[in-house]
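Participant: Below is one structure. I have some questions about it.
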Amino acid sequence: WLAPTQVVVTGITSDQDDHVRKVYDQLIAQGIRADIDLRSEKINYKIREHSHAKVPAIYVVGAREATENTVTVRRLGSKQQETLDLDAAINKLKAESLAPDQRTGQ
């Protein structure tokens, strides 16, 4: 919740740029502090760079994700990734980005 950038949205290739922009626009509309990475770098390079910058979440969009309206979520400090429906991913990120005193169930 303290991170200046809560999530970065990036595509595997430039073919997904339109969908990456749509995901980014939805995040911004929900009040999430997001950045977009449309550079034509290799995906591993972009993930490594954003991980070193301590971005808590990276949403990766490939051809399958663009078709199915999902995102693959990579979390800072975790080698595991999960593919979620876009709405579910946004809701999960919104819940995680609340200040501790605003979270329910605590």
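Ordering of the structure tokens sets the chain letters (A, B, ...); residue numbers start at 1 within each chain; ligands are numbered from 1 in the order shown.
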Taking the DSSP assignment computed from this structure's backbone, write out as a ChimeraX atom specification all residues of chain A that belong to strand (DSSP E or B).

Facilitator: /A:7-11,34-37,57-61,70-75,81-85

Participant: Smallest atom-to-atom distance to Thr72 (chain A): which of A:Pro4, A:Gly11, A:Pro56, A:Gly31, using only C-alpha atoms?

Facilitator: A:Gly11

Participant: When you look at Val55 (chain A) with a cut-off of 9 Å (counting only C-alpha atoms), what residues show up, excluding the ones that are within fewer than 3 positions of it in the same chain? I need them as a ChimeraX atom specification.

Facilitator: /A:3-8,50-52,58,75-76

Participant: So which residues touch region 85-96 of chain A within 7 Å, counting only C-alpha atoms, skipping near sequence neighbours fewer than 3 positions away, as a PyMOL selection string?

Facilitator: chain A and resi 27+69-71

Participant: Given the choices A:Thr83, A:Ile12, A:Val20, A:Ala57, which gets closest to Arg33 (chain A) if the distance is worked out from only C-alpha atoms?

Facilitator: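 The shortest atom-to-atom distance to Arg33 (chain A) comes from A:Ala57.
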
Participant: Can you tell me, as a list in words, what residues are no more than 10 Å from region 36-40 of chain A when counting only C-alpha atoms, ignoring any on the same chain fewer than 2 positions away?

Facilitator: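 In the requested format, the answer is Val7, Val8, Val9, Thr10, Gly11, Ile12, Thr13, Ser14, Gln16, Asp17, Asp18, Val20, Arg21, Val23, Tyr24, Asp25, Ala34, Lys42, Ile43, Lys46, His50, Ile58, Tyr59 and Val60 of chain A.
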
Participant: From region 11-75 of chain A, collect each residue whose DSSP state is alpha helix (DSSP H) and return the set as number ranges by chain.

Facilitator: A: 17-29, 43-52, 63-68

Participant: Would you output that residue set with N, CA and C atoms, as a PDB file, in the first residue's frame?

Facilitator:
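Final output, saved to result21.pdb:
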ATOM      1  N   ASP A  17      -0.013  -4.904 -27.252  1.00  0.00           N
ATOM      2  CA  ASP A  17       0.009  -3.528 -26.746  1.00  0.00           C
ATOM      3  C   ASP A  17      -1.389  -2.941 -26.530  1.00  0.00           C
ATOM      4  N   ASP A  18      -2.319  -3.216 -27.436  1.00  0.00           N
ATOM      5  CA  ASP A  18      -3.675  -2.672 -27.269  1.00  0.00           C
ATOM      6  C   ASP A  18      -4.327  -3.210 -26.004  1.00  0.00           C
ATOM      7  N   HIS A  19      -4.170  -4.503 -25.761  1.00  0.00           N
ATOM      8  CA  HIS A  19      -4.769  -5.087 -24.557  1.00  0.00           C
ATOM      9  C   HIS A  19      -4.039  -4.604 -23.299  1.00  0.00           C
ATOM     10  N   VAL A  20      -2.736  -4.437 -23.382  1.00  0.00           N
ATOM     11  CA  VAL A  20      -1.973  -3.907 -22.246  1.00  0.00           C
ATOM     12  C   VAL A  20      -2.510  -2.520 -21.880  1.00  0.00           C
ATOM     13  N   ARG A  21      -2.771  -1.695 -22.879  1.00  0.00           N
ATOM     14  CA  ARG A  21      -3.324  -0.354 -22.621  1.00  0.00           C
ATOM     15  C   ARG A  21      -4.706  -0.434 -21.964  1.00  0.00           C
ATOM     16  N   LYS A  22      -5.535  -1.385 -22.413  1.00  0.00           N
ATOM     17  CA  LYS A  22      -6.871  -1.543 -21.821  1.00  0.00           C
ATOM     18  C   LYS A  22      -6.767  -1.942 -20.352  1.00  0.00           C
ATOM     19  N   VAL A  23      -5.870  -2.873 -20.046  1.00  0.00           N
ATOM     20  CA  VAL A  23      -5.667  -3.295 -18.655  1.00  0.00           C
ATOM     21  C   VAL A  23      -5.202  -2.101 -17.823  1.00  0.00           C
ATOM     22  N   TYR A  24      -4.226  -1.370 -18.342  1.00  0.00           N
ATOM     23  CA  TYR A  24      -3.704  -0.185 -17.650  1.00  0.00           C
ATOM     24  C   TYR A  24      -4.821   0.828 -17.389  1.00  0.00           C
ATOM     25  N   ASP A  25      -5.636   1.104 -18.401  1.00  0.00           N
ATOM     26  CA  ASP A  25      -6.736   2.065 -18.251  1.00  0.00           C
ATOM     27  C   ASP A  25      -7.719   1.626 -17.172  1.00  0.00           C
ATOM     28  N   GLN A  26      -8.004   0.322 -17.098  1.00  0.00           N
ATOM     29  CA  GLN A  26      -8.917  -0.186 -16.071  1.00  0.00           C
ATOM     30  C   GLN A  26      -8.315  -0.021 -14.678  1.00  0.00           C
ATOM     31  N   LEU A  27      -7.032  -0.264 -14.550  1.00  0.00           N
ATOM     32  CA  LEU A  27      -6.369  -0.099 -13.254  1.00  0.00           C
ATOM     33  C   LEU A  27      -6.429   1.357 -12.798  1.00  0.00           C
ATOM     34  N   ILE A  28      -6.113   2.269 -13.693  1.00  0.00           N
ATOM     35  CA  ILE A  28      -6.139   3.699 -13.371  1.00  0.00           C
ATOM     36  C   ILE A  28      -7.562   4.124 -12.990  1.00  0.00           C
ATOM     37  N   ALA A  29      -8.561   3.629 -13.720  1.00  0.00           N
ATOM     38  CA  ALA A  29      -9.955   3.964 -13.432  1.00  0.00           C
ATOM     39  C   ALA A  29     -10.372   3.483 -12.040  1.00  0.00           C
ATOM     40  N   ILE A  43      10.783 -10.140 -22.269  1.00  0.00           N
ATOM     41  CA  ILE A  43       9.924 -10.129 -21.086  1.00  0.00           C
ATOM     42  C   ILE A  43      10.720 -10.383 -19.809  1.00  0.00           C
ATOM     43  N   ASN A  44      11.690 -11.290 -19.846  1.00  0.00           N
ATOM     44  CA  ASN A  44      12.490 -11.560 -18.645  1.00  0.00           C
ATOM     45  C   ASN A  44      13.272 -10.327 -18.203  1.00  0.00           C
ATOM     46  N   TYR A  45      13.752  -9.550 -19.161  1.00  0.00           N
ATOM     47  CA  TYR A  45      14.469  -8.316 -18.840  1.00  0.00           C
ATOM     48  C   TYR A  45      13.522  -7.328 -18.141  1.00  0.00           C
ATOM     49  N   LYS A  46      12.309  -7.181 -18.680  1.00  0.00           N
ATOM     50  CA  LYS A  46      11.353  -6.241 -18.090  1.00  0.00           C
ATOM     51  C   LYS A  46      10.955  -6.681 -16.678  1.00  0.00           C
ATOM     52  N   ILE A  47      10.721  -7.975 -16.506  1.00  0.00           N
ATOM     53  CA  ILE A  47      10.347  -8.484 -15.181  1.00  0.00           C
ATOM     54  C   ILE A  47      11.478  -8.259 -14.186  1.00  0.00           C
ATOM     55  N   ARG A  48      12.692  -8.567 -14.594  1.00  0.00           N
ATOM     56  CA  ARG A  48      13.844  -8.376 -13.706  1.00  0.00           C
ATOM     57  C   ARG A  48      14.003  -6.900 -13.339  1.00  0.00           C
ATOM     58  N   GLU A  49      13.866  -6.028 -14.320  1.00  0.00           N
ATOM     59  CA  GLU A  49      14.019  -4.593 -14.075  1.00  0.00           C
ATOM     60  C   GLU A  49      12.966  -4.073 -13.088  1.00  0.00           C
ATOM     61  N   HIS A  50      11.719  -4.466 -13.273  1.00  0.00           N
ATOM     62  CA  HIS A  50      10.659  -3.994 -12.378  1.00  0.00           C
ATOM     63  C   HIS A  50      10.769  -4.640 -10.999  1.00  0.00           C
ATOM     64  N   SER A  51      11.269  -5.858 -10.940  1.00  0.00           N
ATOM     65  CA  SER A  51      11.495  -6.505  -9.640  1.00  0.00           C
ATOM     66  C   SER A  51      12.586  -5.779  -8.865  1.00  0.00           C
ATOM     67  N   HIS A  52      13.654  -5.393  -9.553  1.00  0.00           N
ATOM     68  CA  HIS A  52      14.724  -4.637  -8.890  1.00  0.00           C
ATOM     69  C   HIS A  52      14.233  -3.273  -8.418  1.00  0.00           C
ATOM     70  N   ALA A  63      -0.511 -13.492 -25.679  1.00  0.00           N
ATOM     71  CA  ALA A  63      -1.596 -13.713 -26.636  1.00  0.00           C
ATOM     72  C   ALA A  63      -2.793 -14.396 -25.972  1.00  0.00           C
ATOM     73  N   ARG A  64      -2.531 -15.406 -25.145  1.00  0.00           N
ATOM     74  CA  ARG A  64      -3.625 -16.127 -24.476  1.00  0.00           C
ATOM     75  C   ARG A  64      -4.365 -15.207 -23.508  1.00  0.00           C
ATOM     76  N   GLU A  65      -3.624 -14.420 -22.738  1.00  0.00           N
ATOM     77  CA  GLU A  65      -4.249 -13.508 -21.783  1.00  0.00           C
ATOM     78  C   GLU A  65      -5.107 -12.463 -22.504  1.00  0.00           C
ATOM     79  N   ALA A  66      -4.618 -11.962 -23.627  1.00  0.00           N
ATOM     80  CA  ALA A  66      -5.378 -10.966 -24.382  1.00  0.00           C
ATOM     81  C   ALA A  66      -6.682 -11.566 -24.905  1.00  0.00           C
ATOM     82  N   THR A  67      -6.623 -12.810 -25.355  1.00  0.00           N
ATOM     83  CA  THR A  67      -7.815 -13.485 -25.880  1.00  0.00           C
ATOM     84  C   THR A  67      -8.815 -13.801 -24.776  1.00  0.00           C
ATOM     85  N   GLU A  68      -8.309 -14.235 -23.618  1.00  0.00           N
ATOM     86  CA  GLU A  68      -9.180 -14.691 -22.529  1.00  0.00           C
ATOM     87  C   GLU A  68      -9.504 -13.600 -21.506  1.00  0.00           C
TER      88      GLU A  68
END
